[in-house]
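Structure file protein_20.txt; described as compact mmCIF, C-alpha atoms.
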```
# COMPACT_ATOMS: atom_id res chain seq x y z
CA MET A 1 19.12 109.45 76.74
CA THR A 2 19.26 110.28 80.40
CA ARG A 3 22.30 109.70 82.49
CA ASN A 4 22.37 108.84 86.11
CA PRO A 5 24.88 110.84 88.16
CA GLY A 6 28.16 108.91 88.51
CA GLN A 7 27.29 106.62 85.62
CA PHE A 8 30.00 106.23 83.04
CA HIS A 9 29.00 107.14 79.51
CA PHE A 10 30.89 105.49 76.70
CA ASP A 11 30.95 107.15 73.33
CA ALA A 12 32.28 104.90 70.56
CA THR A 13 34.03 107.83 68.89
CA THR A 14 36.27 108.54 71.91
CA GLU A 15 38.76 106.26 73.60
CA SER A 16 37.74 105.11 77.03
CA PRO A 17 39.86 106.36 79.95
CA ILE A 18 40.74 102.75 80.84
CA LYS A 19 41.80 101.93 77.29
CA SER A 20 43.78 105.18 77.13
CA ARG A 21 45.66 104.31 80.34
CA MET A 22 46.28 100.77 79.07
CA THR A 23 47.71 102.13 75.80
CA ALA A 24 49.97 104.53 77.71
CA ARG A 25 51.16 101.68 79.95
CA LYS A 26 51.89 99.50 76.94
CA ARG A 27 53.93 102.30 75.40
CA SER A 28 55.79 102.83 78.68
CA CYS A 29 56.46 99.10 78.95
CA ARG A 30 57.70 98.95 75.38
CA VAL A 31 60.03 101.90 75.97
CA ALA A 32 61.29 100.37 79.22
CA ILE A 33 61.84 96.97 77.59
CA PHE A 34 63.64 98.58 74.67
CA PHE A 35 65.79 100.61 77.07
CA PHE A 36 66.75 97.58 79.18
CA LEU A 37 67.42 95.41 76.13
CA THR A 38 69.66 98.11 74.69
CA ILE A 39 71.60 98.35 77.94
CA PHE A 40 71.84 94.55 78.15
CA ILE A 41 73.12 94.27 74.58
CA LEU A 42 75.67 97.05 75.11
CA SER A 43 76.90 95.60 78.39
CA THR A 44 77.13 92.13 76.87
CA SER A 45 79.18 93.39 73.94
CA ILE A 46 81.44 95.40 76.28
CA SER A 47 81.93 92.33 78.51
CA ALA A 48 82.65 90.15 75.50
CA ALA A 49 85.29 92.61 74.33
CA GLU A 50 86.76 92.80 77.82
CA SER A 51 86.79 89.06 78.28
CA ALA A 52 88.57 88.67 74.91
CA ALA A 53 91.18 91.15 76.15
CA GLU A 54 91.43 89.29 79.45
CA LYS A 55 91.92 86.00 77.58
CA GLN A 56 94.74 87.46 75.54
CA PHE A 57 96.26 88.96 78.69
CA ASN A 58 96.10 85.56 80.41
CA GLN A 59 97.90 83.98 77.45
CA LEU A 60 100.70 86.53 77.80
CA THR A 61 100.90 85.90 81.54
CA ASN A 62 101.14 82.15 80.97
CA GLN A 63 103.98 82.76 78.52
CA VAL A 64 105.81 84.84 81.15
CA HIS A 65 105.54 81.99 83.67
CA ASN A 66 106.60 79.37 81.11
CA TYR A 67 109.64 81.38 80.01
CA PHE A 68 110.66 81.90 83.62
CA GLN A 69 110.27 78.21 84.48
CA ASN A 70 112.35 77.30 81.44
CA GLN A 71 115.04 79.79 82.51
CA GLN A 72 114.43 82.03 79.50
CA TYR A 73 114.63 85.12 81.66
CA ASP A 74 115.08 87.75 78.93
CA ARG A 75 112.00 86.44 77.12
CA ALA A 76 110.06 86.35 80.40
CA ILE A 77 110.87 90.00 81.12
CA SER A 78 110.17 91.07 77.53
CA THR A 79 106.81 89.28 77.55
CA ALA A 80 105.98 90.73 80.98
CA HIS A 81 106.53 94.23 79.54
CA LYS A 82 104.26 93.30 76.62
CA SER A 83 101.56 92.10 79.01
CA ILE A 84 101.73 95.40 80.91
CA ASP A 85 101.47 97.41 77.69
CA PHE A 86 98.61 95.24 76.48
CA ALA A 87 96.73 95.54 79.78
CA ASN A 88 97.23 99.32 79.90
CA GLN A 89 95.87 99.74 76.38
CA ASN A 90 92.98 97.28 76.59
CA LEU A 91 91.97 97.18 80.24
CA GLY A 92 93.25 100.44 81.70
CA GLU A 93 96.04 101.40 84.07
CA ASP A 94 93.93 100.84 87.18
CA HIS A 95 92.54 97.44 86.15
CA PRO A 96 93.47 94.66 88.61
CA LEU A 97 95.09 92.62 85.82
CA THR A 98 97.31 95.55 84.83
CA ILE A 99 98.45 95.95 88.42
CA SER A 100 98.98 92.19 88.62
CA ALA A 101 101.22 92.33 85.52
CA ILE A 102 103.35 95.05 87.12
CA PHE A 103 103.54 92.99 90.30
CA THR A 104 104.67 89.96 88.28
CA LEU A 105 107.39 91.96 86.52
CA ALA A 106 108.64 93.20 89.90
CA GLN A 107 108.80 89.62 91.16
CA LEU A 108 110.76 88.59 88.04
CA TYR A 109 113.28 91.34 88.61
CA GLN A 110 113.56 90.40 92.28
CA ALA A 111 114.11 86.72 91.46
CA LEU A 112 116.88 87.71 89.03
CA GLY A 113 118.53 89.96 91.63
CA LYS A 114 117.73 93.16 89.73
CA LEU A 115 116.59 94.87 92.91
CA ASN A 116 116.49 98.48 91.70
CA GLU A 117 114.14 97.53 88.84
CA ALA A 118 112.17 95.33 91.23
CA GLU A 119 111.78 98.19 93.70
CA LYS A 120 110.62 100.57 90.96
CA GLN A 121 107.97 98.15 89.65
CA MET A 122 106.80 97.01 93.08
CA SER A 123 106.51 100.62 94.29
CA LEU A 124 104.34 101.32 91.25
CA ALA A 125 102.21 98.24 91.97
CA VAL A 126 101.75 99.29 95.62
CA SER A 127 100.78 102.81 94.54
CA LEU A 128 98.26 101.52 91.98
CA TYR A 129 96.80 99.02 94.47
CA ASP A 130 96.34 101.88 96.96
CA GLN A 131 94.43 103.90 94.35
CA SER A 132 92.35 100.97 93.10
CA PHE A 133 88.78 100.48 94.25
CA ASP A 134 88.87 96.86 93.09
CA ALA A 135 91.92 95.75 95.05
CA SER A 136 91.32 93.92 98.30
CA GLU A 137 93.15 94.91 101.46
CA LEU A 138 94.90 91.55 101.35
CA ASP A 139 96.20 92.24 97.80
CA LYS A 140 97.53 95.56 99.03
CA ALA A 141 99.20 93.87 102.00
CA VAL A 142 100.85 91.23 99.79
CA ALA A 143 102.26 93.95 97.52
CA ARG A 144 103.57 95.88 100.54
CA GLU A 145 105.11 92.71 101.92
CA SER A 146 106.88 92.08 98.61
CA LEU A 147 108.18 95.63 98.55
CA ALA A 148 109.40 95.19 102.13
CA SER A 149 111.30 92.05 101.13
CA ILE A 150 112.95 93.99 98.28
CA TYR A 151 113.96 96.70 100.75
CA MET A 152 115.40 94.02 103.06
CA ALA A 153 117.47 92.55 100.21
CA GLN A 154 118.79 96.05 99.46
CA GLY A 155 119.67 96.64 103.12
CA LYS A 156 117.01 99.36 103.47
CA TYR A 157 115.86 98.20 106.88
CA PRO A 158 113.84 101.17 108.24
CA PRO A 159 111.40 101.35 105.27
CA ALA A 160 111.20 97.55 105.24
CA GLU A 161 110.31 97.45 108.93
CA LYS A 162 107.66 100.15 108.48
CA LEU A 163 106.01 98.15 105.67
CA TYR A 164 106.21 94.87 107.60
CA VAL A 165 104.41 96.50 110.55
CA GLN A 166 101.67 97.79 108.21
CA VAL A 167 101.33 94.33 106.63
CA LEU A 168 101.21 92.61 110.00
CA ASN A 169 98.49 94.94 111.28
CA THR A 170 96.45 94.47 108.09
CA LYS A 171 96.74 90.68 108.22
CA LYS A 172 95.86 90.59 111.93
CA GLY A 173 92.77 92.67 111.22
CA LEU A 174 91.69 90.62 108.20
CA LEU A 175 92.81 87.11 109.08
CA GLY A 176 93.32 87.10 112.84
CA ASP A 177 96.38 86.44 114.99
CA THR A 178 96.40 82.68 114.48
CA ASP A 179 96.17 82.55 110.67
CA PRO A 180 99.32 81.08 109.03
CA GLU A 181 99.62 84.12 106.72
CA THR A 182 99.75 86.41 109.76
CA ALA A 183 102.27 84.14 111.46
CA ILE A 184 104.55 84.16 108.40
CA THR A 185 104.63 87.96 108.49
CA MET A 186 105.59 87.96 112.17
```

Representation of the structure as structure tokens:
Amino acid sequence: MTRNPGQFHFDATTESPIKSRMTARKRSCRVAIFFFLTIFILSTSISAAESAAEKQFNQLTNQVHNYFQNQQYDRAISTAHKSIDFANQNLGEDHPLTISAIFTLAQLYQALGKLNEAEKQMSLAVSLYDQSFDASELDKAVARESLASIYMAQGKYPPAEKLYVQVLNTKKGLLGDTDPETAITM
């Protein structure tokens, strides 16, 4: 059997180069598909666990609001502490819902005139918002504005003024001079 130069010779006992590349590609595809399916399944199960935790957190938050509306203030504060503990354990200290729970507790204390407790919790919320990558600048400004109002109620005017100026500058930058939220801060 003579072969022409450049002519491909196929021997039935060896795998063709094309078939060999196809087999390698199939293996690569199977590995890639397996890898992506594994990641998808893991992320889905993690999200399902997180969303179950978020659901339970939201139930606690609703209880806090209901107790407060029904003037059951001790129960509202107790449940707010439970929601913070739950969020810390299940979502993490820096999760936006955890910070929101601390913010809510501070607002409860402020509404009840417990300004020292309110200041402590709101200062913590502001600090956590500042460290959070998930918090928007507007969330941070709202927390600062709440802390400023607590300072005002305590007669701590210089730190309140400093925070109000920061909040005003943030709102002007984000919302513009004519937005009602900016005007309220002025």

- Query: Just how far from atom CA of A:Ser136 is atom CA of A:Leu108, in Å to one decimal?
  - Reply: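 Separation of atom CA of A:Leu108 and atom CA of A:Ser136: 22.6 Å.
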
Tell me which protein, DNA and RNA residues are within 10 Å of A:Asp94, counting all atoms listed in the file, leaving out same-chain ones fewer than 4 positions away, and put them as a short mmCIF file (atom, residue, chain, number, x, y, z; two decimals) with C-alpha atoms, keeping the file's coordinate frame.
```
data_model
loop_
_atom_site.label_atom_id
_atom_site.label_comp_id
_atom_site.auth_asym_id
_atom_site.auth_seq_id
_atom_site.Cartn_x
_atom_site.Cartn_y
_atom_site.Cartn_z
CA ALA A 87 96.73 95.54 79.78
CA ASN A 88 97.23 99.32 79.90
CA THR A 98 97.31 95.55 84.83
CA ILE A 99 98.45 95.95 88.42
CA ALA A 125 102.21 98.24 91.97
CA LEU A 128 98.26 101.52 91.98
CA TYR A 129 96.80 99.02 94.47
CA GLN A 131 94.43 103.90 94.35
CA SER A 132 92.35 100.97 93.10
CA PHE A 133 88.78 100.48 94.25
CA ASP A 134 88.87 96.86 93.09
CA ALA A 135 91.92 95.75 95.05
#
```

- Item | Selected residue of minimal separation from A:Glu93 among A:Leu115, A:Val167, A:Val64, A:Leu124, counting all atoms listed in the file | A:Leu124

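Among the candidates A:Gln154, A:Asn90, A:Asn70, A:Thr79, the one nearest to A:Gln110 when counting only C-alpha atoms is A:Gln154.
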
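The coordinates place atom CA of A:Ser78 at 17.0 Å from atom CA of A:Met122.
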
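Between A:Lys114 and the residues A:Ala160, A:Ala183, A:Ala52, A:Ala153, the shortest atom-to-atom distance, using only C-alpha atoms, involves A:Ala153.
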
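Pairwise distance (atom CA of A:Gln89, atom CA of A:Lys55) equals 14.3 Å.
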
- Item | A:Val142, A:Leu91, A:Ala53, A:Leu60 ranked by distance to A:Thr185, top pick (using only C-alpha atoms) |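 Checking each candidate against A:Thr185, we get A:Val142 as the closest.
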
- Between A:Glu119, A:Asp85, A:Glu137, A:Glu145, single out the one closest to A:Thr170, counting only C-alpha atoms.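 Looking at the shortest contact to A:Thr170, the residue is A:Glu137.
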
- Choose the residue, out of A:Pro158, A:Thr104, A:Leu138, A:Ala111, that has the smallest atom-to-atom separation from A:Gly173; count all atoms listed in the file.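 Once distances to A:Gly173 are computed over all atoms listed in the file, the minimum belongs to A:Leu138.
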